Structures are given as structure tokens and as C-alpha cells.
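Worksheet: the structure to be examined is printed underneath.
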Amino acid sequence: MRKTFTVIALFFIGAIFAQETGTIAGKLLDKESNNQPLPFANVVVKGTAKGSSTDFDGLFEITGVPAGTYTLEFSFTGYQTVEIPNVVVQASKVVVVDATMGATAAALEEVVIKVVTSREREEALLIEQKNAVEIKQAIGAQELARKGVSDATAAAAKISGVAKQEGSNKIYVRGLGDRYNGTTLNNLPLPSNDPVNKNISLDLFPTDIIQNLSVSKAFSYNQSGDVGGANININSKIFEGSGGLNFGVSSGFNTQTIGVDNFKSIDGANWIGVADHTEPKLTDLTVYAFDDNLAPDQAGRTPLNMGLSLDWGKKYQVGDEGYFSVFLVGSFSNDYSYKDGTSVNFNNDGTFGSNYSKAEEFDYSSNKVAMGNFNYKINSANKLSYNTLLIQSNSQQVQDYTGTKPDVADTEGEQARVVQQTQNQNLLLVNQLISEHQIGGLYDLNLGASYNTVKNDEPNRKKNIFIQDSNENSVRLASGTPRNNSRYYHNLNENDIAATAVVTRYFGGRSKDENKGKLTLGYNFRNTKRDFEATYFDYNLRSTIEIDPNNLEATLNQEALDNNIFRFTTGFGFGEDALNPFTYDAKKLINSVSLGIDYKFSEKFYASIGGKFEDIKMEVEWFTNLTNSDRDNNGPLNVDETYFLPSLNMKYNVNDKNILRLSASQTYTYPQFKEVAPFVYEGIDYLESGNPALKPSENYNLDLKWEIYPQSDELISASVFGKQINNAINRIERISAADRNFTYANLGDATIVGMEVEVKKNLLKIEEDNRSQKISLGANATYMHTNLEFKDKNILEDQGLLVTGSESELEGASPLLLNSDVTYRNTVDKKEFLATIVFAYQSDKVYGIGSNFNNNIVQKGFANLDFIMERKFNEKIGLKFKATNLLNPEIKQVRDVPQELVMRSYKRGVGISLGLNYSF
């Protein structure tokens, strides 16, 4: 009876107290973003333990507040704390409090921890994805750090449907490679740093300068039409937070590389990665002007990787509403790697091309980056920013292959040893001026202009072929073909100018509550000009000669040149035109006008419909010893096309957490300069040249996607997609009796269908007063079916091409891609511990399309496992440990002939690094 009474008494006491509490609710707006909702801000009832945080839409609710009068406090890192006094809470009633927060210089000075901007946070990027009408995905600086990502290539590969090609910096989006993608920086176009590629190498962008990276797989009227896979946009970091200097240093090694006794390097190249002589030294074919050794440096370097980074930022108040911010970043990083495997060219008729049973590669690369970001917020309606970026990269590779090679050493007891040393240097300078203006309450005007320059040099590439017996007792320098022993120089200079102007007219108003949609009119201009020249200097031997492979200059010198043991020749021979370089000059002019309407038909249904007129004029002329455009092509090659590109994006909000999206569009793919210019580039075991007969491709794209947002930092999505590519451009082997000889061709029509699934889920989330723990899971999977149906074989044979079979999967398209990560984060006051395991898998994919009765070359599937651990001891100092490629799988390329034969194999080794970060 006593227990029953006690229970009843407690029930009534609880009911009485419950009736004496009320609720505080409201909405928080961001003054810095034109009064858009501000999510994830803290809301506290001062003097109590009651509090909450704002959601995606800036909404908050605090229940169970005892009746009384309170002060409500809003806080958010980098923003001025707002206090609203005299908030009266009445029993069983809801009091609504709306507020607006903004950043001020005074407030920012009070923040003692390093601040990341909201657009670097995973939650904030999910908000952008949720609110956008078009389909896009993004990864921010916060997630990049958590997953141990070091550059933009690795960042893009963490997004569903994106895969990095092993052994290169190229990425494939939904099975489509470099020529089908586009790259922008702050939504302004970027040129390529390499003449082989359309897009700039994303690994040149360290995560130090990346605010976020987004991948738009569905076309919209405000993007470039020259994209079939995706447009990849990098937003550079801007300064937000307290001023200060941050310094980072790291060091590490590769387990396979550190064990090499003598890491070979290029004689004449340096550790810092700056080639001091990019122009040919030889100006007289009768004078031996080279002062470096043809043979690699055998002493080698200690293959330890290191990285240095330094950044500084400051924000200055200008007037009541404005501010001026500066953010400067500088970094240096290098990387050593070693591969020891095999390389075989095997034909379906049972014959071998080159067959190297030992294929060693010694690689060294270095990147130097400097960025300045200057932002001037004049007032809430006008902003101006200037971005400048300088990237200098240098790669050095020594390839040392031993085996048999037709016409050189294919008899019993003889071996061929091919040594090629390649240094490639890139210098990219980007200058961008961007302004944003609000005109009244209904109009926006956004302007942008960029001037970019690219300098790509391959100075003094060295190649030698030796003939040796199995015991290396006798080593001779091969003769016969002049190109067997040579030096090579090329220089590329490119200027790229772009401009954009966009006028937006809002329906109803600019704020979220008033806005019913917008009308957008845009104009884009881009003018690109490239000059390329290359020269071969061949050691033309009269006959094979005995030689010391480690001291070639003891035999190949001025005395030997005078005695006619060899002579220098070039692609133009030995006569008066011999020193003329091979050249190709190219230019492309793009003018486009876009018009689009985004309209909010209801609170649930949005649509964006638009179109783009794009006119492209491309002209290429060339001059080599085999062909020149004036003689063989009736003048320079001209490709002139005009497109109308429609796009439709629709979004239906089923409820607050479920969104359905549909996208349909038409785009095109233009051939690139290198793909049409018939300049022959020679690798260690292949040749490659352009095809002037190339035509643009036409692409048709369709996407359907479902998104679920269970919590502010969680996502579940599934999508199906399809693409039709008419006149698809692919790389293929020519009909040739010599080394593998590649070119580009419109092989036929391609079809791609697939499905993507993505999950971001919290497995554990505990929030306490001064401590938080979180275990999160991220995973995405892509399954694709691709089919390339070859066109009439007679048309291809006219171009010297003979495809095998009638169809093929697309080059570079893995049918199955998997990415996943599990992260544990524990935060106590200013201390943080983080551990992440990252897993990725690519299934078998076509590496090279078969020709000349040979089947496709297939790269076998492999998995990758990384581990990252980070410890922040306080707000100033932290340590980071990374172990990459823990599974160390064998990378294999095979050809089915009809049984599987390994053509190329190697392992990459495990990467280990430890880094220290300190904030002053």
C-alpha cells in the first residue's frame, strides 16, 4: 500500500511540475549568407542546463523549460554571440524567438581555436546537396582530413561512381575518362598542365588549399557543355576565423622503396624538383654540348618522403558591415616510389613483342604550391575576391627494363636492356577575379574573369638500349634505329583566358521564405592558345659498340663524335633544317549563352529547365618530318560546331527527410589538341599520335535519384543513370608491325547504364557537457554496364585501324566500385582523438581496347585499405599517423589469348607517414 501511494504521489508531483514548464522555439538566420538559415548553432538558456542546436533549416526547439524569465544565448564558431534577454516562458506555452547572427572582427578576435568555414564541414555540404535543385555531391576539408586524403585526385575518388586509374593521375566518372570530364576552380575553367590530357592533374592540388570539392554528374544550363562524365569543381579555401599562423611537417616512407639499396635517379635532376635547363643545349650537331651523364645516378638518394606546409590568415573589419580577409598558403611535398615487376607485349597469334621479365621503375615527384586568397566584403550586398595560385610540379622517372625485344635482342643467349629517364615539369599560374552583387531585392549580378598560363617541359629525356649476354659479361650499345639511343626535349606554352557574366532575377524575393524561383541569363567566353615544339637528338651509331652502361660518356663524347663512331641526327636528319623542332600550334574559342528558369511550384516541387547555345571553333596546325598540315590536310585542321544543349532538373520533397530528383540533358565532347595533332610521342615500349579525322561526340544523359536525410549529418541515397554517347572517342592500337602504336578514333556508339548507392550513418553518437563520442560509417557502391558497339570496320580500316570483334566494354570503366570508411572520434574539451579505416575496391576493367586480332588488355581488380589516426593534444598542437595501401595487392594487366596471360605486374608497397601540426 505504501509503494502504491508513493507511485501515485510521484505521478501527481510530476504532473504538477510538468504543467509549470514551457517551450522556447524559433529560427536562426545567417547575416553573412543573405539571411539564409544557420544550421548547427548552439542555443542555450543561460543559467540552466537547457539547450539545443539548430537544424538544417535553422530551426530549434527547447522543451521542458521551467516558467520564468531568461536570457537566450546563440553561439556559433566564428560568429558574434547573440544574447536575447527577457524571454518569458509560460507554463504549457511556446514562446517563439527568431534571431540573426553575423561575424564581426571583434567577435572573431575572441575565438581562440582555429576555425573552419561552414562550407568545409560535412553537415554544411549535405545541406547544400539537400537544397540544390540539380544532382551533385561534394566532399569538404573536414572529411578529407578524416579520411587522410592528401590531394584532389584522392578526394574525387571518395565520391560514388569515381575511380582513379592506377599508375596515372586520371580519374573516371561512371566509366568515362579524362576527355569526357571537366575541371573548374571556383567555377572558372582550368587548363590542363599536361599536353596528353584535357584536364589538369588533380593531384597537383593539395588539401591545404581545398575548401571543398564537388562532382556534378548531371548537366545543368550553367555548366560547360563539353562534359559527358562530370564537372569537378574545386573551391579554394578562404579565411574564416581568428588570425594566426599554422605550420605542418610530415615524413614517411614506402616499405617497398625504403629497402632499395641504390635508388636510381636522373643525373642532372635535383631533389627540389626544378629543371634548370628546359631548352635544348645542343645548337650545333658537330659539338657534344651535354655536360650530364646519359646513365642514371647510381649513388641514389635516401627515399624518405616529406611534407611542409605553412598558412596564415587575417580578417580586418571595414566599416559597419564590411571586412577584408587574407589567406596565404605555401607547401612542399615529395614522394619516392619503386616498382619491380614484368612487362610483356603478347599477340594473339602466339608471337611476342617486347618481353621484359624484369621491369624496374624508380619514381620521384615533388610539388610546390603557393596560394593567395583575398576577399573584400564591401557590405551585405557586394563582395569582391581575387585568387592567385601557383603550382610547380616535377616528376622524375627511371625505367630499367630487361628482357627480349624484336629486332634488337631476340636470339638465344641475348637480352635487351632498355633504360629511359624522363623528367616532366609543369608550371601553372592561375589568376581569378570574382565579384558578387545584389541589386535591390530582386536582382543578382555575378562576374568572373581568369587568366591562366601553363608551361610544360620535358627536358632532356634520355633513352638507351643495350644488348647483353645473360651474365652481362658483354654489353653493347644497340644500333640500327637512330631513336634507340636519344635525348628528347619538348616545351609547351599555353595561355587561357575566360570570362563569365550571370544576371539573376528572383521571383518574389531573395530570402528562402519569399523566393518562388529565379530567371538566370549567363554568358561565358573562353580563349585558349597552345604552342608546342619538340626535338629529338639521336645518337646514330654506325654499328653496335662495347660500352660501360654506367659510364656512357667514356665512349660517347666529343672524340667519338669527331671520329664518326656516332653522329647526332634529329627528326629532320643531319642537314640545314635538322635543328628545326617538330611543332603543333592550336587554339580554341568558345562563346556560349545560357538561359534557365528555376521555379518553386509548391513547397515540395522544384524544377530547373534551361538551355545553352555554345559555339566552338578549334584550329590545329602541325609540322613534323612525316606530315604537315599545309601539305597533307589542305590547310590547318578546323573543327567548328554550334550546339543547343537543353537540360532539365526536377526535385520533389516527399517530406522533410526524403527527396526525389530527376535530371535529363544533352552535352558534347570535343576532341583535344593532342588527340588530333599527328605528333608521335614515344614511350619506353609504345608510340602514340593524334588522328586528324576525329569528330566530336554527342552525349545524352539521364539520372533518377532518391535521397534520405535521417539526421543533419546522415544520408542514404540510391540512383540509377544512363548515358548514350554517339561517335565515342577511344584510344586504340593502329595496324603496325613495330612497337605498340596508339591513336584515337571515333570507334562507334557507347551505352552506359548503372546504379549508385551511398550511406552516411552514425553508429554511435554521445554528447555530454565537455565530451563527445561518435562512430560514423560512410559507404558507396556503383555498378555499371558499358557497351561500345563498333562502327563499320571499313571506315576504321581507312584510318589504319582494325578492331577485334564487334563490341567491347568501355576503356577504364570498372563494372563495380566500392568505397567505405569507419571513423571513431572522441573529443574532450580541446583534445581530440580520431581513427579512420578506409577501404576501396575496383573490379576488372578494360585498360586497352583490342585491335589487330588481339583481345582487350584488362586491368585486374584490386582492393585498397588505409588507416589514419590523429591526436590533437590541445588547440595548438596535433599529430597525424597514416598507413596506406596496407593490403599491398599485386597490380596486374592481362590479355586473354584465349587463356589469361599477364602483360604487366607490380606491387606498390605500403606507405607510412607521421605528421605534426602547430598553430601559433
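Letters A, B, ... mark the chains of the C-alpha cells in the order given; residue numbers begin at 1 per chain; ligand numbers begin at 1, in order shown.
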Any idea what's packed within 9 Å of region 380-394 of chain A, counting only C-alpha atoms, ignoring anything in its chain fewer than 6 positions away? Could you give it as a tab-separated table (two decimals) with C-alpha atoms, in the first residue's frame?
```
chain	number	residue	atom	x	y	z
A	31	LYS	CA	23.54	37.52	-41.80
A	32	GLU	CA	26.68	36.57	-43.74
A	33	SER	CA	24.63	34.50	-46.22
A	34	ASN	CA	21.82	36.90	-47.00
A	204	LEU	CA	48.59	18.93	-58.02
A	205	PHE	CA	46.01	20.38	-55.61
A	236	SER	CA	39.73	27.17	-52.79
A	272	ILE	CA	63.99	20.22	-55.04
A	273	GLY	CA	62.44	19.45	-58.44
A	274	VAL	CA	63.42	22.43	-60.56
A	275	ALA	CA	64.86	21.75	-64.02
A	321	GLU	CA	29.19	45.75	-42.48
A	322	GLY	CA	32.36	45.07	-44.42
A	364	TYR	CA	60.41	10.72	-57.61
A	365	SER	CA	57.97	13.61	-57.60
A	366	SER	CA	57.75	16.97	-55.86
A	367	ASN	CA	55.05	19.63	-55.67
A	368	LYS	CA	55.40	23.27	-54.68
A	369	VAL	CA	52.20	25.26	-54.11
A	370	ALA	CA	51.56	28.89	-53.23
A	371	MET	CA	48.08	30.40	-52.98
A	372	GLY	CA	46.75	33.80	-52.04
A	373	ASN	CA	43.07	34.41	-51.43
A	374	PHE	CA	41.90	37.99	-50.88
A	423	GLN	CA	61.73	14.38	-66.24
A	424	ASN	CA	58.47	16.28	-66.60
A	425	GLN	CA	58.00	19.76	-65.19
A	426	ASN	CA	54.78	21.76	-65.00
A	427	LEU	CA	54.20	25.35	-64.01
A	428	LEU	CA	50.64	26.63	-63.64
A	429	LEU	CA	49.74	30.20	-62.73
A	430	VAL	CA	46.06	30.98	-62.07
A	431	ASN	CA	44.62	34.45	-61.59
A	432	GLN	CA	40.91	34.90	-60.84
A	433	LEU	CA	38.81	37.99	-60.15
A	434	ILE	CA	35.25	37.35	-58.96
A	435	SER	CA	32.57	39.79	-57.87
A	436	GLU	CA	29.06	39.25	-56.48
A	437	HIS	CA	26.44	41.98	-56.34
A	438	GLN	CA	22.87	42.24	-55.12
A	439	ILE	CA	20.85	44.92	-56.86
A	440	GLY	CA	17.77	45.74	-54.89
```
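Considering the residues A:Ile912, A:Ala718, A:Val838, A:Ile729 and counting only C-alpha atoms, Glu758 (chain A) has its shortest atom-to-atom contact with A:Ala718.
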Please identify which residues in region 202-410 of chain A DSSP calls strand (DSSP E or B) from the backbone, and express them as number ranges by chain. A: 206, 210-216, 231-236, 244-254, 265, 297, 305-318, 322-346, 352-379, 382-405, 409
Which one of A:Gly252, A:Gly341, A:Pro815, A:Gly403 sits closest to Lys907 (chain A) if you count only C-alpha atoms?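 Going through A:Gly252, A:Gly341, A:Pro815, A:Gly403 one by one, the smallest distance to Lys907 (chain A) is for A:Gly341.
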Using only C-alpha atoms for the distances, tell me which of A:Leu886, A:Leu694, A:Val215, A:Leu294 is nearest to Leu865 (chain A).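 Smallest separation from Leu865 (chain A) among the options: A:Leu886.
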Write out as an NGL selection string each polymer residue whose atoms come within 6 Å of Ser913 (chain A), counting only C-alpha atoms; drop sequence neighbours fewer than 5 positions from it. :A and (251-252 or 881-882)
Determine which residues of region 627-773 of chain A DSSP labels as helix (DSSP H, G or I) from the backbone of this structure, then write them out as a ChimeraX atom specification. /A:629-632,673-676
Do a neighbour search on Asn563 (chain A) at 12 Å with only C-alpha atoms, toss out local chain neighbours closer than 6 positions, and write the hits as a PyMOL selection string. chain A and resi 286+541-542+555-557
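Minimum distance to Ala813 (chain A) across A:Thr836, A:Asn293, A:Thr751, A:Asn495 (counting only C-alpha atoms) occurs at A:Thr751.
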Need the shell around region 705-711 of chain A: protein/DNA/RNA residues with any atom at most 7 Å away, counting only C-alpha atoms. Skip same-chain ones fewer than 2 positions apart. Format as a list in words?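 What passes the distance filter is Lys657, Asn658, Ile659, Leu660, Arg661, Leu662, Asp703, Asp713, Glu714, Leu715, Ile716, Ser717, Ala718, Ser719 and Val720 of chain A.
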Taking C-alpha atoms for each residue, export the selection above as an mmCIF file, in the first residue's frame.
```cif
data_model
loop_
_atom_site.group_PDB
_atom_site.id
_atom_site.type_symbol
_atom_site.label_atom_id
_atom_site.label_comp_id
_atom_site.auth_asym_id
_atom_site.auth_seq_id
_atom_site.Cartn_x
_atom_site.Cartn_y
_atom_site.Cartn_z
ATOM 1 C CA LYS A 657 13.763 13.928 -44.938
ATOM 2 C CA ASN A 658 13.034 12.365 -48.361
ATOM 3 C CA ILE A 659 13.843 13.900 -51.764
ATOM 4 C CA LEU A 660 13.335 12.542 -55.277
ATOM 5 C CA ARG A 661 15.382 14.018 -58.155
ATOM 6 C CA LEU A 662 15.324 13.662 -61.940
ATOM 7 C CA ASP A 703 19.578 10.384 -63.837
ATOM 8 C CA ASP A 713 24.887 14.629 -40.733
ATOM 9 C CA GLU A 714 23.418 11.449 -42.227
ATOM 10 C CA LEU A 715 22.494 10.455 -45.771
ATOM 11 C CA ILE A 716 21.086 7.443 -47.573
ATOM 12 C CA SER A 717 20.728 7.685 -51.348
ATOM 13 C CA ALA A 718 20.189 5.492 -54.386
ATOM 14 C CA SER A 719 20.282 6.471 -58.045
ATOM 15 C CA VAL A 720 20.034 4.933 -61.481
#
```
